[in-house]
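Structure below is data_3.tsv: TSV, N, CA and C atoms.
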```
chain	number	residue	atom	x	y	z
A	1	MET	N	12.06	7.95	0.94
A	1	MET	CA	10.83	8.72	0.86
A	1	MET	C	10.20	8.58	-0.51
A	2	ALA	N	9.51	9.56	-0.97
A	2	ALA	CA	8.68	9.47	-2.17
A	2	ALA	C	9.40	9.96	-3.42
A	3	SER	N	10.42	9.28	-3.82
A	3	SER	CA	11.13	9.56	-5.07
A	3	SER	C	11.55	11.02	-5.21
A	4	GLY	N	11.90	11.66	-4.14
A	4	GLY	CA	12.36	13.04	-4.21
A	4	GLY	C	11.27	14.07	-4.47
A	5	ARG	N	10.02	13.73	-4.32
A	5	ARG	CA	8.91	14.67	-4.54
A	5	ARG	C	8.60	15.36	-3.23
A	6	TRP	N	8.61	16.68	-3.26
A	6	TRP	CA	8.38	17.44	-2.03
A	6	TRP	C	7.43	18.59	-2.27
A	7	LEU	N	6.62	18.88	-1.29
A	7	LEU	CA	5.79	20.07	-1.29
A	7	LEU	C	6.56	21.17	-0.59
A	8	VAL	N	6.26	22.39	-0.90
A	8	VAL	CA	6.89	23.51	-0.21
A	8	VAL	C	6.37	23.54	1.22
A	9	SER	N	7.26	23.77	2.17
A	9	SER	CA	6.88	23.78	3.57
A	9	SER	C	7.48	24.99	4.26
A	10	THR	N	6.75	25.53	5.23
A	10	THR	CA	7.28	26.63	6.02
A	10	THR	C	8.07	26.11	7.21
A	11	HIS	N	8.04	24.78	7.40
A	11	HIS	CA	8.79	24.15	8.49
A	11	HIS	C	10.24	23.98	8.05
A	12	SER	N	11.08	23.56	8.99
A	12	SER	CA	12.49	23.39	8.67
A	12	SER	C	12.75	22.20	7.76
A	13	GLN	N	11.82	21.22	7.73
A	13	GLN	CA	11.97	20.07	6.85
A	13	GLN	C	10.83	20.04	5.84
A	14	PRO	N	11.11	19.58	4.60
A	14	PRO	CA	10.04	19.50	3.59
A	14	PRO	C	9.03	18.41	3.94
A	15	ILE	N	7.84	18.52	3.40
A	15	ILE	CA	6.77	17.54	3.61
A	15	ILE	C	6.68	16.67	2.36
A	16	ALA	N	6.73	15.36	2.52
A	16	ALA	CA	6.65	14.46	1.37
A	16	ALA	C	5.28	14.53	0.72
A	17	ALA	N	5.25	14.56	-0.60
A	17	ALA	CA	3.99	14.62	-1.34
A	17	ALA	C	3.39	13.24	-1.53
A	18	GLY	N	4.12	12.19	-1.24
A	18	GLY	CA	3.61	10.84	-1.41
A	18	GLY	C	3.62	10.40	-2.86
A	19	VAL	N	3.11	9.21	-3.10
A	19	VAL	CA	3.02	8.67	-4.46
A	19	VAL	C	1.55	8.61	-4.85
A	20	ASN	N	1.30	8.56	-6.15
A	20	ASN	CA	-0.09	8.54	-6.60
A	20	ASN	C	-0.60	7.10	-6.73
A	21	GLY	N	-1.88	6.98	-7.00
A	21	GLY	CA	-2.53	5.68	-7.10
A	21	GLY	C	-1.99	4.81	-8.21
A	22	ALA	N	-1.59	5.43	-9.32
A	22	ALA	CA	-1.05	4.65	-10.44
A	22	ALA	C	0.25	3.97	-10.05
A	23	GLU	N	1.07	4.65	-9.25
A	23	GLU	CA	2.34	4.06	-8.82
A	23	GLU	C	2.10	2.90	-7.86
A	24	VAL	N	1.15	3.05	-6.95
A	24	VAL	CA	0.82	1.97	-6.02
A	24	VAL	C	0.21	0.80	-6.79
A	25	ALA	N	-0.67	1.11	-7.74
A	25	ALA	CA	-1.32	0.07	-8.55
A	25	ALA	C	-0.30	-0.75	-9.33
A	26	LYS	N	0.69	-0.08	-9.87
A	26	LYS	CA	1.73	-0.79	-10.64
A	26	LYS	C	2.48	-1.77	-9.74
A	27	LEU	N	2.78	-1.36	-8.51
A	27	LEU	CA	3.48	-2.25	-7.58
A	27	LEU	C	2.64	-3.46	-7.21
A	28	PHE	N	1.31	-3.24	-7.05
A	28	PHE	CA	0.42	-4.32	-6.63
A	28	PHE	C	-0.14	-5.13	-7.80
A	29	GLY	N	0.05	-4.65	-9.01
A	29	GLY	CA	-0.48	-5.37	-10.17
A	29	GLY	C	-1.98	-5.27	-10.32
A	30	VAL	N	-2.53	-4.14	-9.93
A	30	VAL	CA	-3.97	-3.89	-10.07
A	30	VAL	C	-4.17	-2.56	-10.79
A	31	THR	N	-5.41	-2.19	-11.04
A	31	THR	CA	-5.68	-0.93	-11.72
A	31	THR	C	-5.64	0.24	-10.73
A	32	PRO	N	-5.32	1.44	-11.22
A	32	PRO	CA	-5.38	2.61	-10.34
A	32	PRO	C	-6.78	2.80	-9.74
A	33	GLN	N	-7.82	2.49	-10.51
A	33	GLN	CA	-9.19	2.64	-10.01
A	33	GLN	C	-9.41	1.77	-8.78
A	34	HIS	N	-8.84	0.57	-8.79
A	34	HIS	CA	-8.98	-0.33	-7.64
A	34	HIS	C	-8.31	0.28	-6.41
A	35	ILE	N	-7.14	0.85	-6.59
A	35	ILE	CA	-6.42	1.47	-5.47
A	35	ILE	C	-7.22	2.66	-4.93
A	36	TYR	N	-7.77	3.48	-5.83
A	36	TYR	CA	-8.54	4.64	-5.37
A	36	TYR	C	-9.82	4.21	-4.65
A	37	LYS	N	-10.44	3.11	-5.09
A	37	LYS	CA	-11.62	2.59	-4.39
A	37	LYS	C	-11.24	2.10	-2.99
A	38	MET	N	-10.08	1.45	-2.89
A	38	MET	CA	-9.60	1.00	-1.58
A	38	MET	C	-9.34	2.19	-0.67
A	39	ALA	N	-8.77	3.25	-1.22
A	39	ALA	CA	-8.50	4.46	-0.43
A	39	ALA	C	-9.81	5.09	0.04
A	40	ALA	N	-10.79	5.15	-0.84
A	40	ALA	CA	-12.08	5.76	-0.50
A	40	ALA	C	-12.78	4.99	0.61
A	41	SER	N	-12.61	3.67	0.62
A	41	SER	CA	-13.26	2.86	1.65
A	41	SER	C	-12.44	2.76	2.93
A	42	GLY	N	-11.21	3.29	2.90
A	42	GLY	CA	-10.35	3.22	4.07
A	42	GLY	C	-9.59	1.91	4.19
A	43	SER	N	-9.60	1.10	3.13
A	43	SER	CA	-8.92	-0.19	3.17
A	43	SER	C	-7.41	-0.07	3.09
A	44	ILE	N	-6.91	1.00	2.50
A	44	ILE	CA	-5.47	1.22	2.36
A	44	ILE	C	-5.17	2.63	2.87
A	45	PRO	N	-4.08	2.82	3.58
A	45	PRO	CA	-3.79	4.16	4.11
A	45	PRO	C	-3.50	5.16	2.99
A	46	SER	N	-4.11	6.33	3.10
A	46	SER	CA	-3.93	7.37	2.09
A	46	SER	C	-4.17	8.72	2.74
A	47	PHE	N	-3.85	9.77	1.99
A	47	PHE	CA	-4.15	11.12	2.45
A	47	PHE	C	-4.47	11.97	1.24
A	48	ARG	N	-5.18	13.04	1.48
A	48	ARG	CA	-5.58	13.94	0.41
A	48	ARG	C	-4.77	15.23	0.46
A	49	ILE	N	-4.37	15.67	-0.71
A	49	ILE	CA	-3.85	17.02	-0.86
A	49	ILE	C	-4.77	17.67	-1.88
A	50	PRO	N	-4.86	18.96	-1.94
A	50	PRO	CA	-5.83	19.58	-2.85
A	50	PRO	C	-5.78	18.99	-4.26
A	51	GLY	N	-6.89	18.38	-4.63
A	51	GLY	CA	-7.04	17.85	-5.98
A	51	GLY	C	-6.56	16.43	-6.20
A	52	SER	N	-6.02	15.75	-5.17
A	52	SER	CA	-5.59	14.37	-5.42
A	52	SER	C	-5.50	13.56	-4.13
A	53	VAL	N	-5.44	12.24	-4.32
A	53	VAL	CA	-5.24	11.30	-3.23
A	53	VAL	C	-3.82	10.80	-3.36
A	54	ARG	N	-3.10	10.76	-2.26
A	54	ARG	CA	-1.70	10.31	-2.26
A	54	ARG	C	-1.51	9.21	-1.23
A	55	PHE	N	-0.40	8.51	-1.37
A	55	PHE	CA	-0.08	7.39	-0.51
A	55	PHE	C	1.34	7.54	0.00
A	56	ASP	N	1.52	7.42	1.32
A	56	ASP	CA	2.85	7.47	1.92
A	56	ASP	C	3.46	6.08	1.75
A	57	PRO	N	4.58	5.95	1.05
A	57	PRO	CA	5.16	4.63	0.82
A	57	PRO	C	5.46	3.86	2.11
A	58	ASP	N	5.89	4.56	3.16
A	58	ASP	CA	6.18	3.90	4.42
A	58	ASP	C	4.91	3.35	5.07
A	59	GLU	N	3.83	4.12	5.01
A	59	GLU	CA	2.56	3.67	5.59
A	59	GLU	C	1.98	2.50	4.80
A	60	VAL	N	2.09	2.55	3.47
A	60	VAL	CA	1.59	1.45	2.64
A	60	VAL	C	2.41	0.18	2.91
A	61	ALA	N	3.73	0.32	3.05
A	61	ALA	CA	4.58	-0.83	3.35
A	61	ALA	C	4.21	-1.45	4.70
A	62	ALA	N	3.98	-0.62	5.71
A	62	ALA	CA	3.59	-1.12	7.04
A	62	ALA	C	2.22	-1.80	6.96
A	63	TRP	N	1.29	-1.22	6.21
A	63	TRP	CA	-0.04	-1.80	6.04
A	63	TRP	C	0.07	-3.17	5.37
A	64	LEU	N	0.91	-3.26	4.34
A	64	LEU	CA	1.08	-4.52	3.63
A	64	LEU	C	1.68	-5.59	4.53
A	65	LYS	N	2.67	-5.21	5.34
A	65	LYS	CA	3.26	-6.17	6.29
A	65	LYS	C	2.22	-6.68	7.27
A	66	GLU	N	1.35	-5.78	7.75
A	66	GLU	CA	0.26	-6.18	8.65
A	66	GLU	C	-0.65	-7.19	7.99
A	67	LYS	N	-0.98	-6.95	6.73
A	67	LYS	CA	-1.88	-7.84	5.99
A	67	LYS	C	-1.24	-9.18	5.71
A	68	GLN	N	0.07	-9.20	5.50
A	68	GLN	CA	0.76	-10.44	5.17
A	68	GLN	C	1.00	-11.31	6.40
A	69	ALA	N	1.13	-10.73	7.57
A	69	ALA	CA	1.43	-11.49	8.77
A	69	ALA	C	0.38	-12.56	9.07
A	70	PRO	N	-0.92	-12.25	9.07
A	70	PRO	CA	-1.92	-13.31	9.32
A	70	PRO	C	-1.92	-14.37	8.22
A	71	ALA	N	-1.68	-13.97	6.98
A	71	ALA	CA	-1.67	-14.93	5.88
A	71	ALA	C	-0.49	-15.89	6.03
A	72	ALA	N	0.66	-15.37	6.42
A	72	ALA	CA	1.85	-16.21	6.61
A	72	ALA	C	1.63	-17.21	7.74
A	73	ALA	N	0.97	-16.79	8.81
A	73	ALA	CA	0.72	-17.68	9.94
A	73	ALA	C	-0.23	-18.81	9.55
A	74	SER	N	-1.15	-18.56	8.65
A	74	SER	CA	-2.11	-19.59	8.25
A	74	SER	C	-1.53	-20.56	7.23
A	75	GLN	N	-0.35	-20.28	6.69
A	75	GLN	CA	0.23	-21.16	5.67
A	75	GLN	C	1.33	-22.03	6.25
A	76	ARG	N	1.11	-22.58	7.41
A	76	ARG	CA	2.06	-23.51	7.98
A	76	ARG	C	2.01	-24.80	7.17
A	77	ILE	N	3.02	-25.61	7.30
A	77	ILE	CA	3.11	-26.84	6.51
A	77	ILE	C	1.89	-27.74	6.69
A	78	GLY	N	1.33	-27.82	7.89
A	78	GLY	CA	0.17	-28.65	8.13
A	78	GLY	C	-1.14	-28.03	7.67
A	79	SER	N	-1.07	-26.84	7.15
A	79	SER	CA	-2.28	-26.14	6.71
A	79	SER	C	-2.86	-26.79	5.47
A	80	PRO	N	-4.19	-26.93	5.37
A	80	PRO	CA	-4.80	-27.51	4.17
A	80	PRO	C	-4.49	-26.70	2.91
A	81	ARG	N	-4.35	-25.39	3.02
A	81	ARG	CA	-4.07	-24.57	1.84
A	81	ARG	C	-2.70	-24.89	1.27
A	82	VAL	N	-1.71	-25.08	2.16
A	82	VAL	CA	-0.36	-25.42	1.70
A	82	VAL	C	-0.34	-26.85	1.18
A	83	ALA	N	-0.98	-27.74	1.89
A	83	ALA	CA	-1.02	-29.14	1.46
A	83	ALA	C	-1.65	-29.27	0.09
A	84	ALA	N	-2.71	-28.52	-0.19
A	84	ALA	CA	-3.39	-28.58	-1.48
A	84	ALA	C	-2.45	-28.17	-2.61
A	85	LYS	N	-1.54	-27.25	-2.36
A	85	LYS	CA	-0.59	-26.82	-3.39
A	85	LYS	C	0.32	-27.97	-3.80
A	86	PHE	N	0.66	-28.84	-2.85
A	86	PHE	CA	1.58	-29.94	-3.14
A	86	PHE	C	0.88	-31.15	-3.74
A	87	LEU	N	-0.44	-31.22	-3.62
A	87	LEU	CA	-1.18	-32.37	-4.15
A	87	LEU	C	-1.53	-32.22	-5.63
A	88	VAL	N	-1.36	-31.05	-6.17
A	88	VAL	CA	-1.74	-30.80	-7.58
A	88	VAL	C	-0.77	-31.43	-8.52
```
Could you take the file, read its structure, and then write that structure out as structure tokens?
Amino acid sequence: MASGRWLVSTHSQPIAAGVNGAEVAKLFGVTPQHIYKMAASGSIPSFRIPGSVRFDPDEVAAWLKEKQAPAAASQRIGSPRVAAKFLV
């Protein structure tokens, strides 16, 4: 889950508070502002809690796998993009 961060819950299980944009940005090698812009446009899964935008690590991981699947399929050995890497 989210590094042991929990919100108080009236349910039997705690609710994960998620990770912030700076933590996601560090993993992706981009600025936090870029991550927050992606969240605002709906490009990356996120949720709001009062006063901040948070990211569920499991949802972000699933989103990233979805994004990588089409890219991996296009990089077959016969692909011009892969071939160009070997011609340099």
Produce the centre coordinates and the three edge lengths, each in Å to one decimal, of the box along x, y and z that contains all listed atoms of region 50-59 of chain A with 4 Å added on each side, as AutoDock Vina command-line options.
```
--center_x -0.4 --center_y 11.0 --center_z -0.3 --size_x 21.2 --size_y 25.1 --size_z 19.8
```
Please, which residues of region 23-76 of chain A, numbered as in this document, come out helix (DSSP H, G or I) from DSSP, as a ChimeraX atom specification?
-> /A:23-28,32-41,57-74
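Within 9 Å of region 53-60 of chain A there are Met1, Ala2, Ala16, Ala17, Gly18, Val19, Asn20, Gly21, Val24, Tyr36, Ala39, Ile44, Pro45, Ser46 and Phe47 of chain A, counting only C-alpha atoms and ignoring same-chain residues fewer than 6 positions away.
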For CA of Ser52 (chain A) and CA of Gln68 (chain A), the interatomic separation in Å (one decimal) =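 Those two atoms sit 27.7 Å apart.
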Can you work out the spacing between atom N of Ala22 (chain A) and CA of His34 (chain A) in Å, to one decimal?
->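 Interatomic distance here is 9.5 Å.
Coordinates place atom C of Ser43 (chain A) at a distance of 9.3 Å from atom N of Trp63 (chain A).
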